[in-house]
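What follows is one structure encoded as structure tokens, with my remarks underneath.
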Amino acid sequence: MITGALAATGARVCAIELDGASLAQLRSRFAADPRVEIVAADATTVRLPEEPFSVVANLPFAHGTAILRRLLSDPRVPLRRLDAIVEWGLAAKRTAVWPSTLLGCLWGAWHELELVRRVPRCCFAPPPSVDAAVLRARRRAEPIVPPAEAREYEALLHRAFDSQRAVDRVLPRRTVHRVAHEHGFDPAARARDLDVRQWAQLYRALGSRR
């Protein structure tokens with residue numbers, strides 16, 4: 001259904017499919033369509049395009065986070081936009097302003113994340129045990145953190161989120177208190193209490209301090 005709808009727009013479509021039965025259906029329907037390339041592969045490991053691309057997908061709930069990590073965690077991946085059906089809890093968790101998550105703050109540095117709509121479980125056959133959601137990610141025109149510093153920024157997030165202690169107990173106290181005063185958060189807050197922009201400001205301040 002998704003492949004047909006995308007091809008009908010005139011887009012060049014690369015359909016990634018792992019399931020054998022679905023592959024057979026895709027090849028039967030689109031074998032003669034020059035706009036569609038069918039690739040038998042696992043979306044968690046398939047080679048990603050080197051030129052800018054967009055993704056429209058119904059992700060398997062069990063592997064949704066793993067696939068999103070590949071697409072969103074590394075700013076060198078030239079993803080322009082993602083519209084994906086994922087498990088409701090995943091979309092709600094990663095797009096929440098509070099409490100924030102490590103992945104939400106990481107992905108949000110390069111992409112604008114949005115929970116577009118709920119997709120009730122009755123829309124699927126067979127229906128899953130939980131509702132789904134459309135998760136959208138758009139590449140930011142101006143990244144909040146320089147893409148070349150992605151590893152350093154992610155390391156900072158891991159240091160704070162993994163500790164589960166107050167931010168000013170994990171990172172340099174004076175810097176944390178100054179940034180907290182300037183950008184409106186409690187210096188004694190935990191990592192999840194800061195949003196992506198506050199984390200970016202704190203990262204810049206710590207980089208300047210170094």
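Here's how to read the names in the structure tokens: chain A, B, ... by the order shown, residue numbers from 1 in each chain, ligand numbers from 1 in the order shown.
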**Q.** Test item, strand (DSSP E or B) assignment across chain A, answer as a PyMOL selection string
**A.** chain A and resi 13-17+36-40+53-58+79-87+111-119+132-139+166+190
**Q.** Those of chain A in DSSP alpha helix (DSSP H), formatted as number ranges by chain
**A.** A: 2-8, 20-30, 64-72, 88-95, 102-107, 150-163, 167-170, 173-183, 196-209
**Q.** Contacts of A:Ala40 within 10 Å, only C-alpha atoms, excl. fewer than 6 positions in-chain, as a PyMOL selection string
**A.** chain A and resi 15-20+22-23+46
Based on the selection just made, write C-alpha atoms of those residues as a short mmCIF file (atom, residue, chain, number, x, y, z; two decimals), in the first residue's frame.
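What ended up in result-v5.cif:
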```
data_model
loop_
_atom_site.label_atom_id
_atom_site.label_comp_id
_atom_site.auth_asym_id
_atom_site.auth_seq_id
_atom_site.Cartn_x
_atom_site.Cartn_y
_atom_site.Cartn_z
CA ALA A 15 11.19 -0.41 -0.94
CA ILE A 16 13.00 -2.26 1.87
CA GLU A 17 11.33 -5.53 2.84
CA LEU A 18 12.45 -8.53 4.89
CA ASP A 19 9.33 -10.70 4.88
CA GLY A 20 9.31 -13.29 2.10
CA SER A 22 5.58 -9.36 1.21
CA LEU A 23 8.63 -9.43 -1.07
CA VAL A 46 20.67 -2.09 5.09
#
```
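Of the listed residues (A:Val196, A:Val77, A:Val97, A:Ala137), A:Val77 comes nearest to A:Glu50; the distances count only C-alpha atoms.
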Q. If you measure from atom CA of A:Phe124 to atom CA of A:Gly64, what distance in Å do you get, rounded to one decimal?
A.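 Separation between atom CA of A:Phe124 and atom CA of A:Gly64: 16.5 Å.
Taking atom CA of A:Pro187 as the reference point, atom CA of A:Arg169 is found at 9.1 Å.
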Q | Point-to-point distance in Å for atom CA of A:Arg204 and atom CA of A:Ser163 | A |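 These two atoms are separated by 20.4 Å.
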Quick one: residues within 12 Å of A:Phe53, only C-alpha atoms, excluding same-chain residues fewer than 2 positions away - as a PDB file with C-alpha atoms, in the first residue's frame?
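Saved result, result39.pdb, follows:
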```pdb
ATOM      1  CA  ALA A  11       8.727   9.643  -6.615  1.00  0.00           C
ATOM      2  CA  ARG A  12      11.667   7.277  -7.030  1.00  0.00           C
ATOM      3  CA  VAL A  13      10.987   4.574  -4.435  1.00  0.00           C
ATOM      4  CA  CYS A  14      13.363   2.109  -2.795  1.00  0.00           C
ATOM      5  CA  LEU A  48      21.529   3.880   3.572  1.00  0.00           C
ATOM      6  CA  PRO A  49      21.592   6.248   0.582  1.00  0.00           C
ATOM      7  CA  GLU A  50      24.433   8.718   0.273  1.00  0.00           C
ATOM      8  CA  GLU A  51      22.255  11.368  -1.367  1.00  0.00           C
ATOM      9  CA  VAL A  55      11.463   7.790   4.596  1.00  0.00           C
ATOM     10  CA  VAL A  56       7.811   6.762   4.725  1.00  0.00           C
ATOM     11  CA  LEU A  71      18.167   7.129  10.678  1.00  0.00           C
ATOM     12  CA  VAL A  77      22.928  10.401   7.400  1.00  0.00           C
ATOM     13  CA  PRO A  78      21.366  12.689   4.748  1.00  0.00           C
ATOM     14  CA  LEU A  79      17.777  12.116   5.893  1.00  0.00           C
ATOM     15  CA  ARG A  80      15.527  15.052   5.002  1.00  0.00           C
ATOM     16  CA  ARG A  81      12.261  13.821   6.463  1.00  0.00           C
ATOM     17  CA  LEU A  82      10.768  10.785   8.161  1.00  0.00           C
ATOM     18  CA  ASP A  83       7.089   9.856   8.455  1.00  0.00           C
ATOM     19  CA  ARG A 138      12.196  16.977   9.746  1.00  0.00           C
ATOM     20  CA  ARG A 139      15.835  17.944   9.232  1.00  0.00           C
TER      21      ARG A 139
END
```
Report as CSV: every residue of stretch 16-134 of chain A with an atom at most 10 Å from stretch 142-155 of chain A, its closest pair of atoms, and their distance in Å to one decimal, counting only C-alpha atoms, with rows sorted by chain and ascending residue number.
```
residue,atom,partner,partner_atom,distance
A:Ser73,CA,A:Ala150,CA,8.5
A:Asp74,CA,A:Ala150,CA,7.2
A:Pro75,CA,A:Pro147,CA,5.6
A:Arg76,CA,A:Pro147,CA,7.2
A:Leu102,CA,A:Glu154,CA,8.3
A:Leu103,CA,A:Glu154,CA,9.0
A:Cys105,CA,A:Glu154,CA,9.0
A:Leu106,CA,A:Glu154,CA,6.5
A:Trp107,CA,A:Glu154,CA,9.8
A:Gly108,CA,A:Ile144,CA,8.0
A:Ala109,CA,A:Ile144,CA,4.9
A:Trp110,CA,A:Pro143,CA,4.9
A:His111,CA,A:Pro143,CA,7.5
A:Glu112,CA,A:Pro143,CA,9.5
```
Save the residues we just selected, N, CA and C atoms, as an mmCIF file, in the first residue's frame?
```cif
data_model
loop_
_atom_site.group_PDB
_atom_site.id
_atom_site.type_symbol
_atom_site.label_atom_id
_atom_site.label_comp_id
_atom_site.auth_asym_id
_atom_site.auth_seq_id
_atom_site.Cartn_x
_atom_site.Cartn_y
_atom_site.Cartn_z
ATOM 1 N N SER A 73 20.176 9.195 14.660
ATOM 2 C CA SER A 73 21.229 9.468 15.640
ATOM 3 C C SER A 73 22.476 10.096 15.042
ATOM 4 N N ASP A 74 22.763 9.782 13.794
ATOM 5 C CA ASP A 74 23.984 10.276 13.152
ATOM 6 C C ASP A 74 23.629 11.375 12.157
ATOM 7 N N PRO A 75 24.020 12.613 12.419
ATOM 8 C CA PRO A 75 23.646 13.711 11.511
ATOM 9 C C PRO A 75 24.284 13.613 10.138
ATOM 10 N N ARG A 76 25.253 12.712 9.968
ATOM 11 C CA ARG A 76 25.849 12.527 8.640
ATOM 12 C C ARG A 76 24.912 11.779 7.700
ATOM 13 N N LEU A 102 17.205 10.593 26.541
ATOM 14 C CA LEU A 102 18.508 10.743 25.893
ATOM 15 C C LEU A 102 18.357 10.746 24.374
ATOM 16 N N LEU A 103 17.598 9.792 23.840
ATOM 17 C CA LEU A 103 17.445 9.728 22.387
ATOM 18 C C LEU A 103 16.655 10.918 21.850
ATOM 19 N N CYS A 105 16.635 13.954 23.056
ATOM 20 C CA CYS A 105 17.527 15.115 23.057
ATOM 21 C C CYS A 105 18.634 14.974 22.013
ATOM 22 N N LEU A 106 19.046 13.739 21.721
ATOM 23 C CA LEU A 106 20.049 13.523 20.684
ATOM 24 C C LEU A 106 19.450 13.767 19.302
ATOM 25 N N TRP A 107 18.347 13.090 19.010
ATOM 26 C CA TRP A 107 17.721 13.250 17.698
ATOM 27 C C TRP A 107 17.247 14.684 17.479
ATOM 28 N N GLY A 108 16.778 15.321 18.541
ATOM 29 C CA GLY A 108 16.255 16.674 18.420
ATOM 30 C C GLY A 108 17.307 17.722 18.100
ATOM 31 N N ALA A 109 18.575 17.366 18.241
ATOM 32 C CA ALA A 109 19.635 18.307 17.900
ATOM 33 C C ALA A 109 19.724 18.539 16.396
ATOM 34 N N TRP A 110 19.326 17.539 15.601
ATOM 35 C CA TRP A 110 19.402 17.675 14.132
ATOM 36 C C TRP A 110 18.042 17.651 13.458
ATOM 37 N N HIS A 111 17.018 17.169 14.186
ATOM 38 C CA HIS A 111 15.693 17.005 13.581
ATOM 39 C C HIS A 111 14.614 17.602 14.487
ATOM 40 N N GLU A 112 13.572 18.143 13.871
ATOM 41 C CA GLU A 112 12.381 18.545 14.609
ATOM 42 C C GLU A 112 11.467 17.329 14.699
#
```
Q) Which of these residues is nearest to A:Ala200, using only C-alpha atoms: A:His183, A:Arg27, A:Arg174, A:His63? A)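 Comparing A:His183, A:Arg27, A:Arg174, A:His63 against A:Ala200, the winner is A:His183.
For A:Pro128, the set of protein, DNA and RNA residues having any atom at most 10 Å away, when counting only C-alpha atoms and skipping those fewer than 5 positions along the same chain, is Phe61, Glu87, Pro120, Arg121, Cys122 and Cys123 of chain A.
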Go ahead and write the selection's residues with C-alpha atoms as an mmCIF file, in the first residue's frame.
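Output file again.cif follows:
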```cif
data_model
loop_
_atom_site.group_PDB
_atom_site.id
_atom_site.type_symbol
_atom_site.label_atom_id
_atom_site.label_comp_id
_atom_site.auth_asym_id
_atom_site.auth_seq_id
_atom_site.Cartn_x
_atom_site.Cartn_y
_atom_site.Cartn_z
ATOM 1 C CA PHE A 61 7.080 -2.388 16.637
ATOM 2 C CA GLU A 87 4.195 2.035 18.553
ATOM 3 C CA PRO A 120 -5.913 3.082 16.598
ATOM 4 C CA ARG A 121 -5.028 -0.595 16.737
ATOM 5 C CA CYS A 122 -8.266 -1.413 14.877
ATOM 6 C CA CYS A 123 -6.671 0.058 11.716
#
```
Q. Which of these, A:Ala180, A:Leu6, A:Thr95, A:Ala24, has the shortest distance to A:Ser54 once you count only C-alpha atoms?
A.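 Of all the options, A:Leu6 lies closest to A:Ser54.
Among A:Arg140, A:Ser100, A:Val179, A:Ile85, the residue with the shortest atom-to-atom distance to A:Arg117, counting only C-alpha atoms, is A:Ile85.
Every protein, DNA or RNA residue with an atom at most 12 Å from A:Ala160, where only C-alpha atoms count and chain neighbours fewer than 4 positions away do not, is listed here: Thr101, Leu102, Cys105, Tyr153, Glu154, Ala155, Leu156, Gln164, Arg165, Ala166, Val167, Asp168, Arg169, Val170, Leu171, Pro172, Val176, Ala189, Arg190, Ala191, Arg192, Asp193, Leu194, Trp199, Leu202 and Tyr203 of chain A.
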